[in-house]
>>> print(open('entry30.cif').read())   # mmCIF, C-alpha atoms
data_input
#
loop_
_atom_site.label_atom_id
_atom_site.label_comp_id
_atom_site.auth_asym_id
_atom_site.auth_seq_id
_atom_site.Cartn_x
_atom_site.Cartn_y
_atom_site.Cartn_z
CA MET A 1 24.47 17.74 -69.41
CA ILE A 2 26.67 15.09 -70.98
CA TYR A 3 26.07 14.25 -74.61
CA PRO A 4 25.07 11.64 -75.72
CA LYS A 5 22.64 10.45 -73.06
CA ASP A 6 24.11 6.94 -73.02
CA PHE A 7 27.66 8.26 -72.53
CA GLU A 8 28.04 6.57 -69.13
CA ASN A 9 27.17 3.20 -70.62
CA LYS A 10 29.49 3.71 -73.58
CA ILE A 11 32.51 4.36 -71.36
CA GLY A 12 31.73 1.48 -68.99
CA PHE A 13 30.70 3.68 -66.06
CA LYS A 14 27.62 1.54 -65.42
CA SER A 15 29.69 -1.62 -65.06
CA ILE A 16 31.89 0.15 -62.50
CA LYS A 17 28.79 1.25 -60.57
CA ASP A 18 27.43 -2.30 -60.68
CA ARG A 19 30.69 -3.64 -59.23
CA LEU A 20 30.70 -0.96 -56.52
CA THR A 21 27.12 -1.86 -55.61
CA GLU A 22 28.18 -5.50 -55.19
CA LEU A 23 30.89 -4.39 -52.76
CA CYS A 24 28.58 -2.22 -50.64
CA ILE A 25 27.76 -3.57 -47.19
CA SER A 26 24.79 -1.33 -46.47
CA GLU A 27 21.69 -0.12 -48.25
CA MET A 28 22.81 3.48 -47.79
CA GLY A 29 26.04 2.68 -49.65
CA LYS A 30 24.11 1.09 -52.49
CA GLU A 31 21.85 4.14 -52.73
CA PHE A 32 24.91 6.41 -52.76
CA VAL A 33 26.41 4.45 -55.66
CA GLU A 34 23.10 4.57 -57.54
CA LYS A 35 23.12 8.37 -57.34
CA MET A 36 26.66 8.62 -58.72
CA ARG A 37 26.98 10.28 -62.10
CA PHE A 38 29.90 10.92 -64.42
CA CYS A 39 31.53 14.20 -63.39
CA PRO A 40 33.45 16.38 -65.85
CA ASP A 41 34.32 18.96 -63.13
CA ILE A 42 38.07 18.75 -62.54
CA ARG A 43 37.86 20.37 -59.09
CA LYS A 44 35.37 17.78 -57.86
CA ILE A 45 37.46 15.00 -59.36
CA LYS A 46 40.60 16.27 -57.59
CA THR A 47 38.71 16.51 -54.29
CA ARG A 48 37.44 12.94 -54.61
CA LEU A 49 40.88 11.65 -55.60
CA SER A 50 42.35 13.34 -52.54
CA GLN A 51 39.76 11.62 -50.35
CA ILE A 52 40.61 8.28 -51.94
CA GLU A 53 44.33 8.87 -51.37
CA ASP A 54 43.65 9.62 -47.69
CA PHE A 55 41.63 6.43 -47.32
CA LEU A 56 44.28 4.34 -49.09
CA SER A 57 46.94 5.83 -46.85
CA LEU A 58 44.99 4.68 -43.78
CA LEU A 59 44.69 1.17 -45.16
CA GLN A 60 48.33 0.98 -46.23
CA ASN A 61 49.46 2.08 -42.78
CA GLY A 62 47.50 -0.73 -41.16
CA ILE A 63 44.80 1.44 -39.62
CA PRO A 64 41.72 -0.80 -39.51
CA PHE A 65 38.52 0.40 -41.11
CA PRO A 66 35.28 -0.95 -39.62
CA VAL A 67 33.46 -3.13 -42.15
CA ARG A 68 30.49 -4.33 -40.11
CA ASP A 69 27.61 -3.06 -38.05
CA TYR A 70 26.44 -0.45 -40.53
CA ASN A 71 22.90 0.31 -39.46
CA ASP A 72 20.51 2.46 -41.43
CA LEU A 73 19.85 5.31 -39.01
CA ARG A 74 17.79 7.49 -41.33
CA LYS A 75 14.51 6.67 -39.57
CA ASP A 76 16.06 7.46 -36.19
CA PHE A 77 17.46 10.74 -37.49
CA HIS A 78 14.09 11.63 -38.96
CA LEU A 79 12.45 11.05 -35.57
CA LEU A 80 15.09 13.17 -33.86
CA ARG A 81 14.49 15.97 -36.31
#
>>> encode(input="entry30.cif", output="structure tokens")
Amino acid sequence: MIYPKDFENKIGFKSIKDRLTELCISEMGKEFVEKMRFCPDIRKIKTRLSQIEDFLSLLQNGIPFPVRDYNDLRKDFHLLR
């Protein structure tokens, strides 16, 4: 647990999450951002940074990333289950 309880607000983490939520193009993305929490685990941070570097590399090399037609398939997956 991070101390104090309002640590995320004090460091501006909430404002970053709010901005990310604005940029989301699907409800699932918004829910993912809402679940995000400050992480003090250096291994997890390094993993996430590596993922971000991979994504940036794709964008910088002109590989298009689809930014439309994101459908919420959770109900369909639930039925398939």
>>> resolve_selection(input="entry30.cif", expression="the PyMOL selection byres ((chain A and resi 38) around 12)", output="number ranges by chain")
A: 1-3, 5-14, 16-17, 33-37, 39-42, 44-45
>>> closest_residue(input="entry30.cif", among="A:Ile52, A:Ser26, A:Arg19, A:Pro4", to="A:Asn71", atoms="all atoms listed in the file")
A:Ser26
>>> closest_residue(input="entry30.cif", among="A:Arg81, A:Leu73, A:Ser57, A:Leu20", to="A:Phe32", atoms="only C-alpha atoms")
A:Leu20
>>> atom_distance(input="entry30.cif", atom1="atom CA of A:Arg74", atom2="atom CA of A:Leu59")
27.9 Å
>>> atom_distance(input="entry30.cif", atom1="atom CA of A:Asp72", atom2="atom CA of A:Asp18")
21.0 Å
>>> atom_distance(input="entry30.cif", atom1="atom CA of A:Glu22", atom2="atom CA of A:Val67")
14.3 Å
>>> axis_aligned_box(input="entry30.cif", around="stretch 65-77 of chain A", padding_each_side="8 Å", output="JSON")
{"center_x": 26.5, "center_y": 3.2, "center_z": -39.2, "size_x": 40.0, "size_y": 31.1, "size_z": 22.0}
>>> closest_residue(input="entry30.cif", among="A:Ile25, A:Lys46, A:Leu79, A:Glu31", to="A:Pro66", atoms="only C-alpha atoms")
A:Ile25
>>> build_atoms(input="entry30.cif", residues="stretch 42-53 of chain A", atoms="all heavy atoms", output="short mmCIF file (atom, residue, chain, number, x, y, z; two decimals), in the coordinates of the input")
data_model
loop_
_atom_site.label_atom_id
_atom_site.label_comp_id
_atom_site.auth_asym_id
_atom_site.auth_seq_id
_atom_site.Cartn_x
_atom_site.Cartn_y
_atom_site.Cartn_z
N ILE A 42 36.74 19.13 -62.99
CA ILE A 42 38.07 18.75 -62.54
C ILE A 42 38.29 19.03 -61.05
O ILE A 42 38.97 18.26 -60.37
CB ILE A 42 39.17 19.43 -63.41
CG1 ILE A 42 40.54 18.81 -63.14
CG2 ILE A 42 39.22 20.93 -63.16
CD1 ILE A 42 40.69 17.40 -63.57
N ARG A 43 37.70 20.08 -60.52
CA ARG A 43 37.86 20.37 -59.09
C ARG A 43 37.23 19.28 -58.23
O ARG A 43 37.80 18.84 -57.23
CB ARG A 43 37.27 21.73 -58.75
CG ARG A 43 38.12 22.90 -59.27
CD ARG A 43 37.45 24.19 -58.99
NE ARG A 43 36.21 24.19 -59.82
CZ ARG A 43 35.36 25.16 -59.91
NH1 ARG A 43 35.55 26.26 -59.23
NH2 ARG A 43 34.30 25.09 -60.67
N LYS A 44 36.04 18.85 -58.61
CA LYS A 44 35.37 17.78 -57.86
C LYS A 44 36.16 16.48 -57.97
O LYS A 44 36.28 15.74 -57.00
CB LYS A 44 33.94 17.58 -58.37
CG LYS A 44 32.99 18.67 -57.97
CD LYS A 44 31.59 18.38 -58.47
CE LYS A 44 30.66 19.52 -58.13
NZ LYS A 44 29.30 19.29 -58.64
N ILE A 45 36.68 16.21 -59.15
CA ILE A 45 37.46 15.00 -59.36
C ILE A 45 38.71 15.03 -58.48
O ILE A 45 39.04 14.04 -57.82
CB ILE A 45 37.84 14.84 -60.84
CG1 ILE A 45 36.57 14.59 -61.67
CG2 ILE A 45 38.84 13.71 -61.03
CD1 ILE A 45 36.79 14.67 -63.16
N LYS A 46 39.39 16.16 -58.43
CA LYS A 46 40.60 16.27 -57.59
C LYS A 46 40.27 16.10 -56.12
O LYS A 46 41.01 15.47 -55.37
CB LYS A 46 41.29 17.61 -57.84
CG LYS A 46 42.01 17.66 -59.16
CD LYS A 46 42.72 18.99 -59.35
CE LYS A 46 43.47 19.01 -60.67
NZ LYS A 46 44.19 20.26 -60.89
N THR A 47 39.14 16.65 -55.68
CA THR A 47 38.71 16.51 -54.29
C THR A 47 38.46 15.04 -53.97
O THR A 47 38.93 14.52 -52.95
CB THR A 47 37.44 17.32 -54.01
OG1 THR A 47 37.72 18.70 -54.23
CG2 THR A 47 36.93 17.11 -52.60
N ARG A 48 37.74 14.36 -54.84
CA ARG A 48 37.44 12.94 -54.61
C ARG A 48 38.71 12.09 -54.64
O ARG A 48 38.87 11.17 -53.84
CB ARG A 48 36.44 12.44 -55.66
CG ARG A 48 35.13 13.20 -55.66
CD ARG A 48 34.08 12.52 -54.82
NE ARG A 48 32.96 13.37 -54.50
CZ ARG A 48 32.02 13.76 -55.32
NH1 ARG A 48 32.05 13.41 -56.58
NH2 ARG A 48 31.02 14.51 -54.89
N LEU A 49 39.61 12.39 -55.55
CA LEU A 49 40.88 11.65 -55.60
C LEU A 49 41.69 11.86 -54.33
O LEU A 49 42.32 10.93 -53.82
CB LEU A 49 41.70 12.06 -56.82
CG LEU A 49 41.22 11.49 -58.15
CD1 LEU A 49 42.03 12.10 -59.30
CD2 LEU A 49 41.34 9.97 -58.18
N SER A 50 41.66 13.06 -53.79
CA SER A 50 42.35 13.34 -52.54
C SER A 50 41.75 12.53 -51.39
O SER A 50 42.47 11.99 -50.55
CB SER A 50 42.28 14.84 -52.23
OG SER A 50 42.84 15.11 -50.98
N GLN A 51 40.43 12.43 -51.37
CA GLN A 51 39.76 11.62 -50.35
C GLN A 51 40.14 10.15 -50.48
O GLN A 51 40.39 9.47 -49.48
CB GLN A 51 38.24 11.79 -50.46
CG GLN A 51 37.77 13.17 -50.10
CD GLN A 51 36.31 13.41 -50.46
OE1 GLN A 51 35.72 12.70 -51.28
NE2 GLN A 51 35.73 14.44 -49.85
N ILE A 52 40.22 9.67 -51.71
CA ILE A 52 40.61 8.28 -51.94
C ILE A 52 42.05 8.04 -51.49
O ILE A 52 42.36 7.03 -50.86
CB ILE A 52 40.42 7.91 -53.43
CG1 ILE A 52 38.93 7.89 -53.77
CG2 ILE A 52 41.07 6.57 -53.75
CD1 ILE A 52 38.65 7.85 -55.25
N GLU A 53 42.94 8.99 -51.79
CA GLU A 53 44.33 8.87 -51.37
C GLU A 53 44.43 8.82 -49.84
O GLU A 53 45.22 8.03 -49.30
CB GLU A 53 45.15 10.02 -51.92
CG GLU A 53 45.40 9.93 -53.41
CD GLU A 53 46.06 11.19 -53.98
OE1 GLU A 53 46.27 12.16 -53.22
OE2 GLU A 53 46.35 11.19 -55.19
#
